[in-house]
file upload_16.cif (mmCIF, N, CA and C atoms)
data_structure
loop_
_atom_site.label_atom_id
_atom_site.label_comp_id
_atom_site.auth_asym_id
_atom_site.auth_seq_id
_atom_site.Cartn_x
_atom_site.Cartn_y
_atom_site.Cartn_z
N MET A 1 123.75 121.22 121.86
CA MET A 1 122.87 120.35 122.59
C MET A 1 121.43 120.74 122.26
N THR A 2 120.64 119.75 121.94
CA THR A 2 119.24 120.01 121.61
C THR A 2 118.43 120.21 122.89
N SER A 3 117.24 120.75 122.73
CA SER A 3 116.37 120.94 123.90
C SER A 3 116.02 119.59 124.52
N ALA A 4 115.79 118.57 123.69
CA ALA A 4 115.45 117.25 124.22
C ALA A 4 116.60 116.68 125.04
N ARG A 5 117.82 116.80 124.56
CA ARG A 5 118.98 116.28 125.30
C ARG A 5 119.23 117.09 126.57
N PHE A 6 119.10 118.40 126.47
CA PHE A 6 119.28 119.25 127.64
C PHE A 6 118.28 118.88 128.72
N ASN A 7 117.00 118.81 128.35
CA ASN A 7 115.96 118.50 129.32
C ASN A 7 116.10 117.09 129.88
N ALA A 8 116.46 116.13 129.06
CA ALA A 8 116.65 114.76 129.53
C ALA A 8 117.81 114.69 130.53
N PHE A 9 118.90 115.39 130.23
CA PHE A 9 120.04 115.37 131.14
C PHE A 9 119.67 116.01 132.48
N CYS A 10 119.07 117.19 132.44
CA CYS A 10 118.71 117.87 133.69
C CYS A 10 117.71 117.04 134.50
N LYS A 11 116.78 116.38 133.81
CA LYS A 11 115.80 115.53 134.50
C LYS A 11 116.48 114.35 135.18
N SER A 12 117.60 113.90 134.66
CA SER A 12 118.29 112.73 135.23
C SER A 12 118.99 113.05 136.55
N LEU A 13 119.18 114.33 136.84
CA LEU A 13 119.83 114.71 138.10
C LEU A 13 118.82 114.60 139.24
N PRO A 14 119.28 114.31 140.46
CA PRO A 14 118.34 114.06 141.56
C PRO A 14 117.55 115.30 142.00
N HIS A 15 116.28 115.04 142.30
CA HIS A 15 115.38 116.03 142.92
C HIS A 15 115.26 117.31 142.10
N THR A 16 115.00 117.16 140.81
CA THR A 16 114.87 118.32 139.95
C THR A 16 113.42 118.57 139.58
N ALA A 17 113.14 119.78 139.19
CA ALA A 17 111.82 120.17 138.72
C ALA A 17 112.01 121.07 137.50
N TYR A 18 111.08 120.97 136.57
CA TYR A 18 111.14 121.72 135.31
C TYR A 18 109.97 122.69 135.24
N VAL A 19 110.25 123.86 134.72
CA VAL A 19 109.20 124.83 134.43
C VAL A 19 109.63 125.62 133.20
N MET A 20 108.65 125.98 132.36
CA MET A 20 108.95 126.88 131.26
C MET A 20 108.45 128.26 131.67
N GLN A 21 109.33 129.22 131.67
CA GLN A 21 108.96 130.58 132.07
C GLN A 21 109.85 131.59 131.37
N TRP A 22 109.71 132.84 131.71
CA TRP A 22 110.52 133.92 131.15
C TRP A 22 110.50 133.92 129.63
N GLY A 23 109.34 133.81 129.06
CA GLY A 23 109.21 133.90 127.61
C GLY A 23 109.69 132.67 126.86
N GLY A 24 109.52 131.51 127.43
CA GLY A 24 109.88 130.27 126.73
C GLY A 24 111.19 129.65 127.16
N ALA A 25 111.73 130.07 128.28
CA ALA A 25 112.98 129.48 128.77
C ALA A 25 112.70 128.16 129.47
N HIS A 26 113.57 127.19 129.24
CA HIS A 26 113.53 125.91 129.94
C HIS A 26 114.31 126.10 131.23
N VAL A 27 113.61 126.08 132.37
CA VAL A 27 114.22 126.37 133.66
C VAL A 27 114.21 125.11 134.51
N TRP A 28 115.39 124.75 135.04
CA TRP A 28 115.53 123.57 135.90
C TRP A 28 115.94 124.01 137.29
N LYS A 29 115.26 123.41 138.27
CA LYS A 29 115.51 123.72 139.68
C LYS A 29 115.84 122.44 140.43
N VAL A 30 116.65 122.57 141.44
CA VAL A 30 116.91 121.47 142.36
C VAL A 30 116.11 121.73 143.63
N GLY A 31 115.47 120.68 144.16
CA GLY A 31 114.68 120.85 145.37
C GLY A 31 113.21 121.04 145.12
N GLY A 32 112.75 120.73 143.93
CA GLY A 32 111.33 120.86 143.62
C GLY A 32 110.99 122.19 142.98
N GLY A 33 109.71 122.41 142.77
CA GLY A 33 109.23 123.59 142.06
C GLY A 33 109.57 124.91 142.72
N THR A 34 109.73 124.90 144.04
CA THR A 34 110.12 126.12 144.74
C THR A 34 111.60 126.09 145.09
N GLY A 35 112.33 125.19 144.48
CA GLY A 35 113.76 125.04 144.77
C GLY A 35 114.61 126.12 144.15
N LYS A 36 115.87 125.80 143.96
CA LYS A 36 116.86 126.76 143.45
C LYS A 36 117.20 126.45 141.99
N VAL A 37 117.21 127.48 141.18
CA VAL A 37 117.53 127.34 139.76
C VAL A 37 118.99 126.94 139.60
N PHE A 38 119.22 125.93 138.72
CA PHE A 38 120.59 125.55 138.42
C PHE A 38 120.89 125.60 136.92
N ALA A 39 119.87 125.65 136.08
CA ALA A 39 120.11 125.72 134.64
C ALA A 39 118.92 126.36 133.94
N VAL A 40 119.23 127.16 132.93
CA VAL A 40 118.21 127.82 132.12
C VAL A 40 118.67 127.73 130.67
N ALA A 41 117.75 127.40 129.78
CA ALA A 41 118.13 127.33 128.36
C ALA A 41 117.05 127.93 127.48
N TRP A 42 117.50 128.61 126.44
CA TRP A 42 116.63 129.15 125.41
C TRP A 42 117.04 128.47 124.11
N PHE A 43 116.06 127.96 123.39
CA PHE A 43 116.33 127.30 122.12
C PHE A 43 115.57 128.03 121.03
N ASP A 44 116.30 128.44 119.99
CA ASP A 44 115.73 129.22 118.91
C ASP A 44 116.29 128.66 117.62
N ARG A 45 115.46 128.37 116.67
CA ARG A 45 115.92 127.77 115.41
C ARG A 45 116.83 128.70 114.62
N SER A 46 116.75 129.99 114.86
CA SER A 46 117.56 130.93 114.09
C SER A 46 118.90 131.23 114.76
N ALA A 47 119.13 130.67 115.93
CA ALA A 47 120.38 130.95 116.65
C ALA A 47 120.80 129.73 117.44
N ASP A 48 122.02 129.76 117.93
CA ASP A 48 122.48 128.69 118.80
C ASP A 48 121.74 128.77 120.13
N ALA A 49 121.66 127.63 120.80
CA ALA A 49 121.01 127.58 122.11
C ALA A 49 121.83 128.38 123.11
N GLY A 50 121.14 129.06 123.98
CA GLY A 50 121.80 129.73 125.10
C GLY A 50 121.55 128.90 126.35
N ILE A 51 122.57 128.23 126.84
CA ILE A 51 122.45 127.39 128.03
C ILE A 51 123.21 128.07 129.15
N THR A 52 122.49 128.39 130.22
CA THR A 52 123.02 129.18 131.32
C THR A 52 123.10 128.32 132.57
N PHE A 53 124.21 128.43 133.29
CA PHE A 53 124.40 127.62 134.49
C PHE A 53 125.25 128.35 135.52
N LYS A 54 125.06 127.96 136.77
CA LYS A 54 125.80 128.51 137.90
C LYS A 54 127.16 127.81 137.96
N CYS A 55 128.19 128.53 138.39
CA CYS A 55 129.51 127.88 138.49
C CYS A 55 130.32 128.49 139.63
N SER A 56 131.40 127.83 139.96
CA SER A 56 132.29 128.33 141.00
C SER A 56 133.01 129.57 140.49
N GLY A 57 133.59 130.32 141.41
CA GLY A 57 134.34 131.51 141.01
C GLY A 57 135.47 131.20 140.05
N MET A 58 136.19 130.11 140.31
CA MET A 58 137.31 129.73 139.44
C MET A 58 136.81 129.34 138.04
N SER A 59 135.74 128.55 137.99
CA SER A 59 135.18 128.16 136.70
C SER A 59 134.66 129.37 135.94
N TYR A 60 134.03 130.29 136.65
CA TYR A 60 133.51 131.51 136.03
C TYR A 60 134.64 132.29 135.36
N GLU A 61 135.74 132.50 136.09
CA GLU A 61 136.87 133.26 135.54
C GLU A 61 137.45 132.57 134.31
N MET A 62 137.51 131.26 134.32
CA MET A 62 138.04 130.51 133.19
C MET A 62 137.07 130.53 132.00
N LEU A 63 135.81 130.21 132.27
CA LEU A 63 134.84 130.05 131.19
C LEU A 63 134.47 131.35 130.49
N LYS A 64 134.54 132.46 131.19
CA LYS A 64 134.16 133.72 130.52
C LYS A 64 135.15 134.07 129.41
N GLU A 65 136.30 133.41 129.38
CA GLU A 65 137.30 133.63 128.33
C GLU A 65 137.24 132.57 127.23
N VAL A 66 136.39 131.56 127.38
CA VAL A 66 136.30 130.46 126.42
C VAL A 66 135.39 130.87 125.26
N GLU A 67 135.82 130.56 124.04
CA GLU A 67 135.01 130.87 122.87
C GLU A 67 133.65 130.18 122.99
N GLY A 68 132.60 130.93 122.72
CA GLY A 68 131.25 130.40 122.79
C GLY A 68 130.61 130.51 124.17
N CYS A 69 131.35 131.06 125.13
CA CYS A 69 130.81 131.26 126.49
C CYS A 69 130.93 132.74 126.84
N ARG A 70 130.05 133.17 127.74
CA ARG A 70 130.09 134.57 128.20
C ARG A 70 129.42 134.65 129.57
N PRO A 71 129.71 135.71 130.31
CA PRO A 71 128.96 135.91 131.55
C PRO A 71 127.47 135.97 131.20
N ALA A 72 126.66 135.26 131.96
CA ALA A 72 125.24 135.15 131.63
C ALA A 72 124.53 136.49 131.79
N PRO A 73 123.84 136.93 130.74
CA PRO A 73 123.06 138.16 130.85
C PRO A 73 122.10 138.05 132.03
N TYR A 74 121.84 139.13 132.65
CA TYR A 74 120.99 139.27 133.84
C TYR A 74 121.67 138.71 135.09
N PHE A 75 122.02 137.43 135.10
CA PHE A 75 122.62 136.81 136.28
C PHE A 75 123.96 137.45 136.62
N ALA A 76 124.88 137.44 135.69
CA ALA A 76 126.23 137.95 135.95
C ALA A 76 126.22 139.46 136.21
N SER A 77 125.29 140.16 135.60
CA SER A 77 125.24 141.60 135.81
C SER A 77 124.83 141.95 137.24
N ARG A 78 124.34 140.97 137.97
CA ARG A 78 123.96 141.17 139.37
C ARG A 78 124.98 140.54 140.32
N GLY A 79 126.16 140.27 139.80
CA GLY A 79 127.26 139.77 140.62
C GLY A 79 127.25 138.27 140.84
N MET A 80 126.33 137.56 140.20
CA MET A 80 126.27 136.11 140.36
C MET A 80 127.25 135.45 139.39
N LYS A 81 127.77 134.31 139.76
CA LYS A 81 128.72 133.57 138.93
C LYS A 81 127.96 132.59 138.05
N TRP A 82 127.42 133.11 136.95
CA TRP A 82 126.67 132.31 135.99
C TRP A 82 127.29 132.53 134.61
N ILE A 83 127.40 131.45 133.86
CA ILE A 83 127.95 131.47 132.49
C ILE A 83 126.85 131.05 131.52
N GLN A 84 126.88 131.64 130.34
CA GLN A 84 125.98 131.21 129.28
C GLN A 84 126.82 130.68 128.12
N ARG A 85 126.53 129.44 127.72
CA ARG A 85 127.17 128.87 126.53
C ARG A 85 126.25 129.14 125.36
N VAL A 86 126.77 129.85 124.36
CA VAL A 86 125.95 130.18 123.20
C VAL A 86 126.23 129.30 121.99
N ASN A 87 127.35 128.58 122.03
CA ASN A 87 127.64 127.56 121.01
C ASN A 87 128.67 126.60 121.59
N ASP A 88 128.93 125.53 120.87
CA ASP A 88 129.82 124.50 121.40
C ASP A 88 131.25 124.59 120.86
N LYS A 89 131.66 125.75 120.39
CA LYS A 89 133.01 125.90 119.83
C LYS A 89 134.10 125.72 120.88
N GLY A 90 133.86 126.15 122.11
CA GLY A 90 134.87 126.04 123.14
C GLY A 90 134.50 125.11 124.28
N LEU A 91 133.22 124.82 124.43
CA LEU A 91 132.74 123.97 125.51
C LEU A 91 131.80 122.93 124.90
N VAL A 92 132.33 121.73 124.70
CA VAL A 92 131.55 120.66 124.06
C VAL A 92 130.51 120.12 125.04
N ASP A 93 129.52 119.42 124.50
CA ASP A 93 128.42 118.92 125.31
C ASP A 93 128.89 118.05 126.48
N ARG A 94 129.87 117.21 126.26
CA ARG A 94 130.39 116.35 127.33
C ARG A 94 130.85 117.18 128.52
N ASP A 95 131.59 118.25 128.25
CA ASP A 95 132.07 119.12 129.32
C ASP A 95 130.95 119.97 129.90
N LEU A 96 130.01 120.37 129.06
CA LEU A 96 128.86 121.13 129.54
C LEU A 96 128.11 120.33 130.61
N LYS A 97 127.95 119.04 130.40
CA LYS A 97 127.26 118.19 131.37
C LYS A 97 127.97 118.20 132.72
N ILE A 98 129.29 118.24 132.70
CA ILE A 98 130.05 118.32 133.96
C ILE A 98 129.71 119.61 134.68
N TYR A 99 129.66 120.72 133.96
CA TYR A 99 129.32 122.00 134.57
C TYR A 99 127.86 122.04 135.03
N LEU A 100 126.96 121.39 134.29
CA LEU A 100 125.57 121.34 134.74
C LEU A 100 125.43 120.55 136.03
N ARG A 101 126.19 119.45 136.17
CA ARG A 101 126.19 118.69 137.43
C ARG A 101 126.72 119.56 138.56
N GLN A 102 127.80 120.30 138.29
CA GLN A 102 128.36 121.19 139.31
C GLN A 102 127.34 122.27 139.68
N SER A 103 126.65 122.82 138.71
CA SER A 103 125.64 123.84 138.96
C SER A 103 124.52 123.28 139.84
N HIS A 104 124.10 122.07 139.55
CA HIS A 104 123.09 121.38 140.35
C HIS A 104 123.56 121.29 141.80
N HIS A 105 124.79 120.87 142.00
CA HIS A 105 125.35 120.77 143.35
C HIS A 105 125.41 122.13 144.04
N LEU A 106 125.94 123.14 143.34
CA LEU A 106 126.06 124.47 143.93
C LEU A 106 124.69 125.03 144.32
N ALA A 107 123.69 124.84 143.47
CA ALA A 107 122.35 125.33 143.78
C ALA A 107 121.77 124.57 144.99
N SER A 108 122.06 123.28 145.09
CA SER A 108 121.54 122.50 146.22
C SER A 108 122.08 123.01 147.55
N LEU A 109 123.25 123.61 147.54
CA LEU A 109 123.84 124.15 148.77
C LEU A 109 123.03 125.32 149.32
N ASN A 110 122.20 125.94 148.48
CA ASN A 110 121.38 127.08 148.90
C ASN A 110 119.99 126.68 149.37
N LEU A 111 119.69 125.38 149.36
CA LEU A 111 118.43 124.91 149.92
C LEU A 111 118.51 124.99 151.44
N THR A 112 117.38 125.01 152.09
CA THR A 112 117.39 125.02 153.55
C THR A 112 118.04 123.73 154.06
N LYS A 113 118.60 123.79 155.25
CA LYS A 113 119.21 122.59 155.83
C LYS A 113 118.19 121.47 155.97
N ARG A 114 117.00 121.83 156.37
CA ARG A 114 115.94 120.83 156.52
C ARG A 114 115.65 120.13 155.20
N LEU A 115 115.48 120.91 154.12
CA LEU A 115 115.20 120.31 152.80
C LEU A 115 116.39 119.51 152.32
N ARG A 116 117.59 119.99 152.53
CA ARG A 116 118.79 119.23 152.14
C ARG A 116 118.82 117.87 152.82
N ARG A 117 118.47 117.83 154.11
CA ARG A 117 118.42 116.55 154.84
C ARG A 117 117.32 115.65 154.28
N GLU A 118 116.13 116.23 154.07
CA GLU A 118 115.00 115.45 153.56
C GLU A 118 115.31 114.83 152.21
N LEU A 119 116.05 115.54 151.36
CA LEU A 119 116.37 115.06 150.02
C LEU A 119 117.62 114.18 149.98
N GLY A 120 118.31 114.08 151.11
CA GLY A 120 119.50 113.23 151.17
C GLY A 120 120.77 113.90 150.68
N PHE A 121 120.80 115.21 150.64
CA PHE A 121 122.01 115.93 150.22
C PHE A 121 123.02 116.06 151.36
N GLU A 122 122.59 115.80 152.60
CA GLU A 122 123.51 115.91 153.74
C GLU A 122 123.68 114.56 154.38
#

call {"tool": "encode", "arguments": {"input": "upload_16.cif", "output": "structure tokens"}}
result
Amino acid sequence: MTSARFNAFCKSLPHTAYVMQWGGAHVWKVGGGTGKVFAVAWFDRSADAGITFKCSGMSYEMLKEVEGCRPAPYFASRGMKWIQRVNDKGLVDRDLKIYLRQSHHLASLNLTKRLRRELGFE
């Protein structure tokens, strides 16, 4: 997935905000600029894109065994259920979009109840 396609897809999800941080990472949040991170991607011409997303416990256990996926550096080392796709050998873009939607939903659950109501998530 290219950076343009990744960013366009994440932008299409409701109530998202984009920021570039952490040394050039494309960071997407749900709930605005101070919201909750649901996707992070690094794009480098010399390597495959690293697309990182939050997932359920069951998805995490399954995906960490899929070729081209691994527990996300930094996130998973802190006990969080985040996966990083480093290539599309085992997780094609179509399926990645499903997981990005799920990540968006999971991150929205961590917004305050008030913000969730204001944004129409409840």

call {"tool": "resolve_selection", "arguments": {"input": "upload_16.cif", "expression": "the PyMOL selection byres ((chain A and resi 55) around 6.5)", "output": "ChimeraX atom specification"}}
result
/A:53-54,56-60,81-83,102-103

call {"tool": "resolve_selection", "arguments": {"input": "upload_16.cif", "expression": "the PyMOL selection byres ((chain A and resi 31) around 8)", "output": "ChimeraX atom specification"}}
result
/A:14-17,28-30,32-37,107-108,111,115-116,119

call {"tool": "atom_distance", "arguments": {"input": "upload_16.cif", "atom1": "atom C of Asp93 of chain A", "atom2": "atom CA of Tyr74 of chain A"}}
result
23.8 Å

call {"tool": "closest_residue", "arguments": {"input": "upload_16.cif", "among": "A:Phe38, A:Trp22, A:Tyr99, A:Phe43", "to": "Arg5 of chain A", "atoms": "only C-alpha atoms"}}
result
A:Phe43

call {"tool": "closest_residue", "arguments": {"input": "upload_16.cif", "among": "A:Ala72, A:Glu61, A:Lys113, A:Ile51", "to": "Arg85 of chain A", "atoms": "only N, CA and C atoms"}}
result
A:Ile51

call {"tool": "residues_around", "arguments": {"input": "upload_16.cif", "residues": "His26 of chain A", "least_positions_apart": "5", "cutoff": "7 Å", "atoms": "all atoms listed in the file", "output": "PyMOL selection string"}}
result
chain A and resi 18-21+39-43

call {"tool": "closest_residue", "arguments": {"input": "upload_16.cif", "among": "A:His104, A:Lys89, A:Lys64, A:Arg70", "to": "Leu13 of chain A", "atoms": "only N, CA and C atoms"}}
result
A:His104

call {"tool": "closest_residue", "arguments": {"input": "upload_16.cif", "among": "A:Lys11, A:Phe121, A:Val66, A:Gly24", "to": "His105 of chain A", "atoms": "only C-alpha atoms"}}
result
A:Phe121

call {"tool": "closest_residue", "arguments": {"input": "upload_16.cif", "among": "A:Thr52, A:Asn7, A:Asn87, A:Thr112", "to": "Pro73 of chain A", "atoms": "only N, CA and C atoms"}}
result
A:Thr52

call {"tool": "closest_residue", "arguments": {"input": "upload_16.cif", "among": "A:Glu122, A:Ile98, A:Met80, A:Leu109", "to": "Cys10 of chain A", "atoms": "only C-alpha atoms"}}
result
A:Ile98

call {"tool": "select_by_dssp", "arguments": {"input": "upload_16.cif", "residues": "chain A", "states": "alpha helix (DSSP H)", "output": "MDAnalysis selection string"}}
result
chainID A and resid 3:12 57:63 93:108 113:119

call {"tool": "decode", "arguments": {"input": "upload_16.cif", "residues": "segment 15-45 of chain A", "atoms": "N, CA, C and O atoms", "output": "PDB file, in the first residue's frame"}}
result
ATOM      1  N   HIS A  15     -14.196  11.048  11.686  1.00  0.00           N
ATOM      2  CA  HIS A  15     -13.598  11.808  12.791  1.00  0.00           C
ATOM      3  C   HIS A  15     -12.115  11.495  12.998  1.00  0.00           C
ATOM      4  O   HIS A  15     -11.665  11.230  14.106  1.00  0.00           O
ATOM      5  N   THR A  16     -11.363  11.540  11.909  1.00  0.00           N
ATOM      6  CA  THR A  16      -9.934  11.255  11.998  1.00  0.00           C
ATOM      7  C   THR A  16      -9.118  12.529  11.879  1.00  0.00           C
ATOM      8  O   THR A  16      -9.574  13.541  11.347  1.00  0.00           O
ATOM      9  N   ALA A  17      -7.909  12.456  12.363  1.00  0.00           N
ATOM     10  CA  ALA A  17      -6.950  13.553  12.253  1.00  0.00           C
ATOM     11  C   ALA A  17      -5.594  12.957  11.898  1.00  0.00           C
ATOM     12  O   ALA A  17      -5.259  11.854  12.334  1.00  0.00           O
ATOM     13  N   TYR A  18      -4.833  13.699  11.124  1.00  0.00           N
ATOM     14  CA  TYR A  18      -3.521  13.251  10.646  1.00  0.00           C
ATOM     15  C   TYR A  18      -2.434  14.148  11.219  1.00  0.00           C
ATOM     16  O   TYR A  18      -2.593  15.365  11.301  1.00  0.00           O
ATOM     17  N   VAL A  19      -1.332  13.529  11.570  1.00  0.00           N
ATOM     18  CA  VAL A  19      -0.147  14.271  11.975  1.00  0.00           C
ATOM     19  C   VAL A  19       1.078  13.465  11.543  1.00  0.00           C
ATOM     20  O   VAL A  19       1.043  12.235  11.534  1.00  0.00           O
ATOM     21  N   MET A  20       2.133  14.169  11.139  1.00  0.00           N
ATOM     22  CA  MET A  20       3.390  13.494  10.865  1.00  0.00           C
ATOM     23  C   MET A  20       4.288  13.746  12.075  1.00  0.00           C
ATOM     24  O   MET A  20       4.493  14.891  12.464  1.00  0.00           O
ATOM     25  N   GLN A  21       4.745  12.687  12.689  1.00  0.00           N
ATOM     26  CA  GLN A  21       5.593  12.816  13.874  1.00  0.00           C
ATOM     27  C   GLN A  21       6.521  11.622  13.979  1.00  0.00           C
ATOM     28  O   GLN A  21       6.543  10.782  13.102  1.00  0.00           O
ATOM     29  N   TRP A  22       7.268  11.538  15.054  1.00  0.00           N
ATOM     30  CA  TRP A  22       8.169  10.423  15.314  1.00  0.00           C
ATOM     31  C   TRP A  22       9.125  10.170  14.150  1.00  0.00           C
ATOM     32  O   TRP A  22       9.298   9.055  13.681  1.00  0.00           O
ATOM     33  N   GLY A  23       9.723  11.203  13.646  1.00  0.00           N
ATOM     34  CA  GLY A  23      10.719  11.049  12.592  1.00  0.00           C
ATOM     35  C   GLY A  23      10.142  10.718  11.228  1.00  0.00           C
ATOM     36  O   GLY A  23      10.749   9.981  10.469  1.00  0.00           O
ATOM     37  N   GLY A  24       8.985  11.238  10.918  1.00  0.00           N
ATOM     38  CA  GLY A  24       8.409  11.039   9.589  1.00  0.00           C
ATOM     39  C   GLY A  24       7.316   9.997   9.512  1.00  0.00           C
ATOM     40  O   GLY A  24       6.947   9.574   8.413  1.00  0.00           O
ATOM     41  N   ALA A  25       6.776   9.585  10.636  1.00  0.00           N
ATOM     42  CA  ALA A  25       5.684   8.604  10.628  1.00  0.00           C
ATOM     43  C   ALA A  25       4.365   9.296  10.316  1.00  0.00           C
ATOM     44  O   ALA A  25       4.097  10.403  10.784  1.00  0.00           O
ATOM     45  N   HIS A  26       3.553   8.627   9.509  1.00  0.00           N
ATOM     46  CA  HIS A  26       2.192   9.074   9.221  1.00  0.00           C
ATOM     47  C   HIS A  26       1.313   8.517  10.334  1.00  0.00           C
ATOM     48  O   HIS A  26       1.108   7.308  10.420  1.00  0.00           O
ATOM     49  N   VAL A  27       0.793   9.401  11.190  1.00  0.00           N
ATOM     50  CA  VAL A  27       0.038   8.983  12.368  1.00  0.00           C
ATOM     51  C   VAL A  27      -1.415   9.420  12.205  1.00  0.00           C
ATOM     52  O   VAL A  27      -1.687  10.599  11.948  1.00  0.00           O
ATOM     53  N   TRP A  28      -2.334   8.469  12.384  1.00  0.00           N
ATOM     54  CA  TRP A  28      -3.768   8.738  12.275  1.00  0.00           C
ATOM     55  C   TRP A  28      -4.423   8.507  13.623  1.00  0.00           C
ATOM     56  O   TRP A  28      -4.167   7.506  14.286  1.00  0.00           O
ATOM     57  N   LYS A  29      -5.277   9.470  13.989  1.00  0.00           N
ATOM     58  CA  LYS A  29      -5.988   9.413  15.264  1.00  0.00           C
ATOM     59  C   LYS A  29      -7.485   9.512  15.015  1.00  0.00           C
ATOM     60  O   LYS A  29      -7.924  10.168  14.064  1.00  0.00           O
ATOM     61  N   VAL A  30      -8.248   8.895  15.871  1.00  0.00           N
ATOM     62  CA  VAL A  30      -9.698   9.052  15.862  1.00  0.00           C
ATOM     63  C   VAL A  30     -10.058   9.990  17.006  1.00  0.00           C
ATOM     64  O   VAL A  30      -9.475   9.900  18.083  1.00  0.00           O
ATOM     65  N   GLY A  31     -10.978  10.923  16.740  1.00  0.00           N
ATOM     66  CA  GLY A  31     -11.382  11.864  17.775  1.00  0.00           C
ATOM     67  C   GLY A  31     -10.666  13.189  17.705  1.00  0.00           C
ATOM     68  O   GLY A  31     -10.670  13.943  18.664  1.00  0.00           O
ATOM     69  N   GLY A  32     -10.023  13.484  16.602  1.00  0.00           N
ATOM     70  CA  GLY A  32      -9.340  14.764  16.452  1.00  0.00           C
ATOM     71  C   GLY A  32      -7.869  14.679  16.817  1.00  0.00           C
ATOM     72  O   GLY A  32      -7.351  13.613  17.141  1.00  0.00           O
ATOM     73  N   GLY A  33      -7.214  15.825  16.799  1.00  0.00           N
ATOM     74  CA  GLY A  33      -5.774  15.892  17.016  1.00  0.00           C
ATOM     75  C   GLY A  33      -5.310  15.403  18.371  1.00  0.00           C
ATOM     76  O   GLY A  33      -4.189  14.956  18.524  1.00  0.00           O
ATOM     77  N   THR A  34      -6.177  15.489  19.371  1.00  0.00           N
ATOM     78  CA  THR A  34      -5.826  14.975  20.694  1.00  0.00           C
ATOM     79  C   THR A  34      -6.486  13.622  20.946  1.00  0.00           C
ATOM     80  O   THR A  34      -6.526  13.160  22.088  1.00  0.00           O
ATOM     81  N   GLY A  35      -6.979  13.007  19.888  1.00  0.00           N
ATOM     82  CA  GLY A  35      -7.670  11.728  20.013  1.00  0.00           C
ATOM     83  C   GLY A  35      -6.733  10.559  20.232  1.00  0.00           C
ATOM     84  O   GLY A  35      -5.594  10.719  20.668  1.00  0.00           O
ATOM     85  N   LYS A  36      -7.211   9.387  19.881  1.00  0.00           N
ATOM     86  CA  LYS A  36      -6.478   8.137  20.106  1.00  0.00           C
ATOM     87  C   LYS A  36      -5.895   7.613  18.789  1.00  0.00           C
ATOM     88  O   LYS A  36      -6.592   7.536  17.775  1.00  0.00           O
ATOM     89  N   VAL A  37      -4.644   7.230  18.830  1.00  0.00           N
ATOM     90  CA  VAL A  37      -3.956   6.703  17.651  1.00  0.00           C
ATOM     91  C   VAL A  37      -4.566   5.358  17.265  1.00  0.00           C
ATOM     92  O   VAL A  37      -4.782   4.503  18.108  1.00  0.00           O
ATOM     93  N   PHE A  38      -4.831   5.204  15.948  1.00  0.00           N
ATOM     94  CA  PHE A  38      -5.308   3.912  15.467  1.00  0.00           C
ATOM     95  C   PHE A  38      -4.436   3.345  14.349  1.00  0.00           C
ATOM     96  O   PHE A  38      -4.504   2.151  14.054  1.00  0.00           O
ATOM     97  N   ALA A  39      -3.589   4.161  13.744  1.00  0.00           N
ATOM     98  CA  ALA A  39      -2.716   3.656  12.680  1.00  0.00           C
ATOM     99  C   ALA A  39      -1.476   4.534  12.564  1.00  0.00           C
ATOM    100  O   ALA A  39      -1.559   5.755  12.694  1.00  0.00           O
ATOM    101  N   VAL A  40      -0.358   3.879  12.304  1.00  0.00           N
ATOM    102  CA  VAL A  40       0.918   4.563  12.112  1.00  0.00           C
ATOM    103  C   VAL A  40       1.614   3.879  10.945  1.00  0.00           C
ATOM    104  O   VAL A  40       1.616   2.643  10.863  1.00  0.00           O
ATOM    105  N   ALA A  41       2.193   4.670  10.051  1.00  0.00           N
ATOM    106  CA  ALA A  41       2.907   4.068   8.917  1.00  0.00           C
ATOM    107  C   ALA A  41       4.196   4.809   8.641  1.00  0.00           C
ATOM    108  O   ALA A  41       4.266   6.033   8.769  1.00  0.00           O
ATOM    109  N   TRP A  42       5.208   4.042   8.280  1.00  0.00           N
ATOM    110  CA  TRP A  42       6.491   4.572   7.833  1.00  0.00           C
ATOM    111  C   TRP A  42       6.677   4.097   6.404  1.00  0.00           C
ATOM    112  O   TRP A  42       6.545   2.906   6.118  1.00  0.00           O
ATOM    113  N   PHE A  43       7.023   5.010   5.521  1.00  0.00           N
ATOM    114  CA  PHE A  43       7.248   4.669   4.124  1.00  0.00           C
ATOM    115  C   PHE A  43       8.670   5.039   3.767  1.00  0.00           C
ATOM    116  O   PHE A  43       9.098   6.169   3.977  1.00  0.00           O
ATOM    117  N   ASP A  44       9.406   4.069   3.233  1.00  0.00           N
ATOM    118  CA  ASP A  44      10.812   4.247   2.912  1.00  0.00           C
ATOM    119  C   ASP A  44      11.035   3.596   1.558  1.00  0.00           C
ATOM    120  O   ASP A  44      10.671   2.433   1.358  1.00  0.00           O
ATOM    121  N   ARG A  45      11.647   4.288   0.648  1.00  0.00           N
ATOM    122  CA  ARG A  45      11.855   3.746  -0.700  1.00  0.00           C
ATOM    123  C   ARG A  45      12.769   2.522  -0.710  1.00  0.00           C
ATOM    124  O   ARG A  45      12.706   1.713  -1.609  1.00  0.00           O
TER     125      ARG A  45
END
